[in-house]
Every structure is written in C-alpha cells, then in structure tokens.
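Peer 1: Pasting a structure here, questions to come.
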Amino acid sequence: MANTGWDEFEIGAMLRTFEGEISDIATTLQEDRKYTQNSSFSASVADWRIEKPVFNKDYCIDCQFCWIYCPDISIISRDKKMIGIDMDHCKGCGICVEVCPTNPKSLLMFPEVADEEREIENWPAKEKKEK
Amino acid sequence: MAFDKMELRDTEVWDGNLAAAHALRQCQVDVVSAYPITPSTPIVEGYAKFKSDNYVEGEFIMVESEHAAMSGCIGAAAAGGRVATATSSQGLALMAETLYQASGMRLPIILNIVNRALAAPLNVNGDHSDMYLVRDSGWIQFDAFSPQEAYDLNFIAFKVAEDHEVRTPAVINQDGFMTSHTAQGVKTMDDDTAFNFVGEFKPMNDMLDFEHPVTHGVQTEEDWHFEHKARQHNDMMTIVPQKIDAVFEEFAKLTGRKYNQIEKYDMDDADVAVVCMGTSVETAREVAKEMREKGIKAGVVGIRVFRPFPFMAIAEALKDVKAVAALDRSAPGGTAGALFNEIAGSLFNSDSKIVLSGYIYGLGGRDLTKRHLVDLYTELQANADAGKVLTQQQQFIGVRGPKLAYL
C-alpha cells in the first residue's frame with residue numbers, strides 16, 4: 001500500500017473489511033475470515049499499552065465474564081473455553097481482571113515488559129475470606 | 001407501502017421553495033433530515049407534508065440543529081439512500097463542518113440553500129454570504145435564478161451527484177425571498193416523467209450491503225489524506241463538468257429547457273458585460289436590452305455552476321469583451337470580491353485585453369435596481385472606451401453614506 005497513488009484508492013476514503021463477498025460471518029471464526037489489509041484486525045493497534053493482562057489457566061473456570069466484558073474483543077475463547085488474549089488488539093484497560101470472579105484471579109495486570117512464565121510461577125495465593 | 005401520485009397542471013404557480021419541495025417529492029427522496037430556518041423552511045416542511053399525505057415514501061428526521069441535520073443526511077446516504085435537505089445562512093454556517101465530511105466521503109446528498117445574509121447584524125433576507133461561506137467545501141454548486149430553475153436544477157443535481165463516477169454532493173442555491181417566496185409560473189413534469197429522469201437510486205458501497213461490509217468516515221493522517229483530497233479535486237475538475245453537460249443536454253431533450261455552466265445573454269457582440277448570480281441575472285438581462293437601445297452593446301453572464309468553477313468557459317465568453325464587471329453579493333471581508341478574483345484568475349493568462357472591475361451590492365436583501373445597473377453599464381462603457389478601469393477596482397452599489405471605493 002505504501003506506493004498507492006491518489007488514483008488507486010476507492011473514492012470517499014471508504015475501506016472494506018473483507019476480501020470479496022462474505023456470508024454467515026457471525027459463525028465464521030476470526031482466523032477463518034478473509035480480512036483485508038485495511039481492516040484493523042490485520043494491524044496491531046495495541047502499541048500504546050503499558051500494562052498487559054497475564055492469563056493463568058490453572059484458576060480459570062471458563063465463566064466467560066472477561067470475554068463478555070472486553071471492549072476490544074481481545075479475549076480469545078473457543079468452544080466456551082478461554083484460551084488466551086489477542087495482544088495485537090488488547091489496550092491494557094484491565095476490565096477483564098476487574099470482572100474475573102476466581103480466587104485468586106485468573107487474569108492479573110503486569111507491566112508490558114514482565115515475563116509471563118515467571119509471573120505465573122509467582123502467582124498470588126488464594127485469599128482467605130475474612131470472617 | 002405504495003404512495004399516491006399527484007396530478008399537476010402543466011404550469012403551476014409556485015415559489016422557489018414549493019418548486020424545490022415538489023422536486024424532492026418527485027425524486028422520491030428516501031430521507032430528509034432537517035432543521036428549520038428562514039427562508040428555506042418551506043422546502044423541508046413541504047416534503048414533510050407530502051410524506052404525511054402519502055405522496056412520498058420516505059423518512060423525515062427532525063433533529064436538534066443543522067449540524068445534526070447534515071449528520072443525519074450523511075448517515076442515511078452512507079447507509080444507501082437518496083437524501084436531501086435544505087438550509088440557509090446561520091444554519092448553513094452551523095452545518096459547515098459536516099459539509100466537508102459529506103464531500104470527502106463522496107456521499108451524493110442534495111442540499112437546497114436558500115441564500116440569506118450572515119449575522120451580525122441579524123438579517124433574514126437574501127445575499128450570497130452563505131453561498132460563499134461553503135464555496136470550497138467540495139460540493140458541486142448550482143445556482144437557480146428563478147423558481148423554475150430551482151425546480152429543474154434539483155432533478156439535474158440528483159442525476160449528476162448520484163452518478164457512480166461522480167458521487168459528490170450538490171447544492172442548489174436560490175435567492176432568499178426574491179426566488180424562494182416569489183410565486184411564478186413553473187412548467188412541471190408529471191410524476192412518472194420526473195422520476196424516470198433521475199431514476200431509481202443506485203447504492204454504492206452502502207453500509208446496508210451486509211455481504212460487503214465497509215467502513216465510512218475513516219481517519220487518514222499525513223500518510224494518505226492528501227491522496228484522497230487530490231482524488232476529490234481531480235474528479236471535480238475532470239469528471240463532474242462533463243457529467244453536468246451531459247445531464248443538461250438530457251434534461252433539454254426531455255423538457256426543452258437548456259441549461260449551461262455559464263448562461264450567456266446578448267454576449268455574441270457585447271462590448272461590456274456584467275457577471276453575476278441569482279435573481280440579479282434577470283434584472284441585468286432586462287437592463288442590458290435597454291442599454292442596447294441606447295447604443296451600448298451590453299451583455300450578461302450568469303454563473304449557473306459555481307463549483308466546479310467554469311474557469312475556461314468564463315475566459316472564452318469574455319474574450320472579445322472590452323470591459324466587464326464582477327458583481328459580488330457578499331461582504332468581501334478585506335479583499336476583492338470572490339467572483340472578481342475567480343474571473344480575474346480565469347482571464348489573467350489569456351490574450352484578452354479586457355478590463356475588469358468589481359462591485360459589492362445587495363447585502364442583507366438590499367435591492368439591486370435597474371437604475372444601479374444603467375449607471376454600471378455606463379461606467380463600463382467608459383472603461384471600454386478608455387481601455388482601462390477609470391474608477392477604483394472595487395466599488396459598492398446602493399449603500400448609504402459617502403461613496404465607497406477601494407483597490
């Protein structure tokens with residue numbers, strides 16, 4: 001696209017999301033969709049993130065709260081199982097951590113530079129309920 | 001849902017507003033999103049009445065401002081509908097931001113502007129301040145000099161703007177009150193003939209085409225903005241003028257009424273000419289005829305298409321004229337009038353030895369009388385005889401107090 005001239009664009013600065021015609025897109029998984037280069041799905045739009053969520057599947061109960069609440073559709077869930085985070089689109093807002101109901105939480109925020117494996121090894125212990 | 005057709009007489013007595021409202025009805029506009037303002041209100045009110053009386057199948061959206069009115073039009077046009085609205089003056093000023101969105105997004109919206117002065121001081125009468133305010137907004141701009149033309153140009157505007165090569169919104173200007181509220185005989189088309197001329201709306205890249213999802217209203221920075229603006233200008237300069245000529249031709253075949261990008265009256269052998277817009281064109285035509293009886297070869301050029309500006313056609317029309325006056329009906333705010341500058345630009349690199357003077361007139365609905373124009377043509381003849389502008393290049397017509405002349 002870098003060398004595209006003024007006469008090569010479609011008029012109106014209009015962008016297409018998919019290559020060609022689509023049908024039944026709601027039941028097609030993202031990895032199977034033919035996104036265009038212009039679709040923001042094709043590009044990383046996460047470069048202003050300074051804190052990232054880390055997912056620890058040992059505590060996850062697949063309640064799907066994070067999937068429902070994520071404002072950027074960045075929680076990847078397949079067959080109602082949480083399998084990870086789309087780090088190209090996650091902005092690091094922390095809502096998934098906020099809504100996670102497990103004890104300890106299955107999602108926690110860490111600085112962007114943090115090492116994921118080490119943080120999972122040092123995951124906080126279950127909090128005792130105060131009586 | 002079916003709608004009723006309306007029986008019209010071959011000639012109806014309509015003012016410019018009613019003529020435009022009937023045109024919107026006959027084009028079967030899908031969405032009118034509007035906010036009322038004098039003197040344009042009866043256009044959208046007319047459409048709303050036709051809709052509630054089942055003469056049109058569409059949606060009327062009542063909004064909270066003119067900014068919202070045009071925003072509603074943009075949404076409806078992006079969704080894939082035939083869309084129109086109307087406004088004037090302060091309303092147009094509030095709408096200005098969204099006009100640039102509409103043209104940049106290449107949405108073929110039709111806007112009837114009933115020209116009115118801009119405050120302050122507040123004034124509801126006709127001048128071209130509002131027309132000039134948005135002249136570089138990327139919209140095609142037609143100018144109607146009478147109710148008949150306000151009617152005809154609406155059909156022409158839809159057909160030009162909606163063409164898939166063009167896809168650029170269009171304005172039809174008419175003078176506030178002098179055209180909008182002056183009832184005259186208007187030759188009509190029957191509903192079928194009128195609709196068939198513009199045809200069914202053909203959507204393009206519409207958001208309701210779920211098989212081809214699109215994003216409208218995108219952001220581009222220094223990387224792509226310039227390319228999109230270049231494309232917009234290129235199409236205005238190359239595709240739009242040709243399409244306008246073709247549609248003018250087609251309309252003439254259908255109705256016998258032939259429009260041109262510039263309208264020339266008594267210009268074949270003219271020594272002196274006035275270039276102007278709006279109802280002033282008709283006054284100037286009448287005076288030019290009378291001047292000829294006095295031995296002054298006077299002519300008139302009316303600007304029918306203000307954007308894209310008929311740069312070459314103006315130079316061609318004036319090439320054998322000796323003295324020309326540009327009449328600007330808008331306060332120039334510290335420079336020559338806009339029309340003066342446009343005409344000067346079109347003549348500057350030509351071989352013409354013409355002398356050009358500019359006049360500011362008619363602000364806030366002040367009349368331009370035949371007496372004013374007799375004096376003006378007499379002044380032009382003196383310039384023509386001398387081969388130079390004997391006065392200063394910018395003068396004011398019809399203002400009380402000491403004579404104003406500059407440049």
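Identifiers in this document derive from the order of the structure tokens: chains are assigned A, B, ..., residues are numbered from 1 separately in each chain, and ligands are numbered from 1 in order of occurrence.
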Tell me, counting only C-alpha atoms, for each residue of chain A within 8 Å of chain B, which pair of atoms is nearest and how far apart they are in Å to one decimal, in rows ordered by chain and increasing number, as a tab-separated table.
Peer 2:
residue	atom	partner	partner_atom	distance
A:Gly5	CA	B:Glu227	CA	6.8
A:Trp6	CA	B:Glu227	CA	4.3
A:Asp7	CA	B:Arg231	CA	6.3
A:Phe9	CA	B:His228	CA	7.7
A:Ile11	CA	B:Arg106	CA	6.7
A:Gly12	CA	B:Met105	CA	3.9
A:Ala13	CA	B:Met105	CA	6.4
A:Met14	CA	B:His216	CA	5.1
A:Leu15	CA	B:Thr215	CA	5.1
A:Arg16	CA	B:Val214	CA	4.5
A:Thr17	CA	B:Val214	CA	5.8
A:Phe18	CA	B:Pro213	CA	7.1
A:Gly20	CA	B:His212	CA	7.1
A:Glu21	CA	B:Glu211	CA	5.3
A:Ile22	CA	B:Glu211	CA	4.9
A:Ser23	CA	B:Glu211	CA	6.1
Peer 1: Counting only C-alpha atoms, which of B:Glu290, B:Asp271, B:Glu200, B:Met312 gets nearest to B:Pro241?
Peer 2: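 Comparing B:Glu290, B:Asp271, B:Glu200, B:Met312 against B:Pro241, the winner is B:Met312.
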Peer 1: Produce a table with one row for each residue of stretch 167-258 of chain B that has an atom at most 12 Å from any atom of stretch 112-134 of chain B, each row naming the nearest atom pair and its distance in Å at one decimal; use only C-alpha atoms; arrange rows by chain and rising residue number; format as CSV.
Peer 2:
residue,atom,partner,partner_atom,distance
B:Pro169,CA,B:Asn112,CA,11.1
B:Ala170,CA,B:Asn112,CA,8.6
B:Val171,CA,B:Asn112,CA,5.7
B:Ile172,CA,B:Asn112,CA,4.8
B:Asn173,CA,B:Ile113,CA,4.8
B:Gln174,CA,B:Val114,CA,5.0
B:Asp175,CA,B:Asn115,CA,4.9
B:Gly176,CA,B:Gly126,CA,4.3
B:Phe177,CA,B:Gly126,CA,6.6
B:Met178,CA,B:Gly126,CA,7.3
B:Thr179,CA,B:Val114,CA,8.4
B:Ser180,CA,B:Val114,CA,6.8
B:His181,CA,B:Val114,CA,10.1
Peer 1: Go ahead and write the selection's residues with C-alpha atoms as a compact mmCIF listing (two decimals), in the first residue's frame.
Peer 2:
# COMPACT_ATOMS: atom_id res chain seq x y z
CA PRO B 169 -22.87 16.08 -3.04
CA ALA B 170 -24.53 19.05 -4.70
CA VAL B 171 -26.00 22.36 -3.61
CA ILE B 172 -28.79 24.19 -5.40
CA ASN B 173 -28.68 27.88 -4.46
CA GLN B 174 -31.64 30.19 -4.82
CA ASP B 175 -32.06 33.77 -3.58
CA GLY B 176 -33.84 34.13 -0.25
CA PHE B 177 -37.33 35.64 -0.70
CA MET B 178 -36.65 37.01 -4.21
CA THR B 179 -36.78 33.42 -5.52
CA SER B 180 -37.86 31.37 -2.52
CA HIS B 181 -41.02 33.36 -1.75
Peer 1: Just give me the gap between atom CA of B:Leu208 and atom CA of A:Asp32 in Å, one decimal is fine.
Peer 2: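 Straight-line distance from atom CA of B:Leu208 to atom CA of A:Asp32 works out to 23.0 Å.
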Peer 1: When you draw a straight line from atom CA of B:Ala2 to atom CA of B:His22, how long is it in Å?
Peer 2: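 Straight-line distance from atom CA of B:Ala2 to atom CA of B:His22 works out to 17.9 Å.
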Peer 1: Could you give me the residues within stretch 107-216 of chain B that DSSP places in alpha helix (DSSP H), as a list in words?
Peer 2: Ser129, Asp130, Met131, Tyr132, Leu133, Pro147, Gln148, Glu149, Ala150, Tyr151, Asp152, Leu153, Asn154, Phe155, Ile156, Ala157, Phe158, Lys159, Val160, Ala161, Asp191, Asp192, Thr193, Ala194, Phe195, Asn196, Phe197 and Val198 of chain B
Peer 1: Pick from B:Ala338, B:Met237, B:Phe197, B:Glu221: nearest to B:Lys253, with only C-alpha atoms counted?
Peer 2: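 Residue with the minimum atom-to-atom distance to B:Lys253: B:Phe197.
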Peer 1: Can you list, as a ChimeraX atom specification, all residues belonging to stretch 177-331 of chain B that DSSP tags as strand (DSSP E)?
Peer 2: /B:184-187,214-215,262-265,272-276,298-303,305-307,323-328
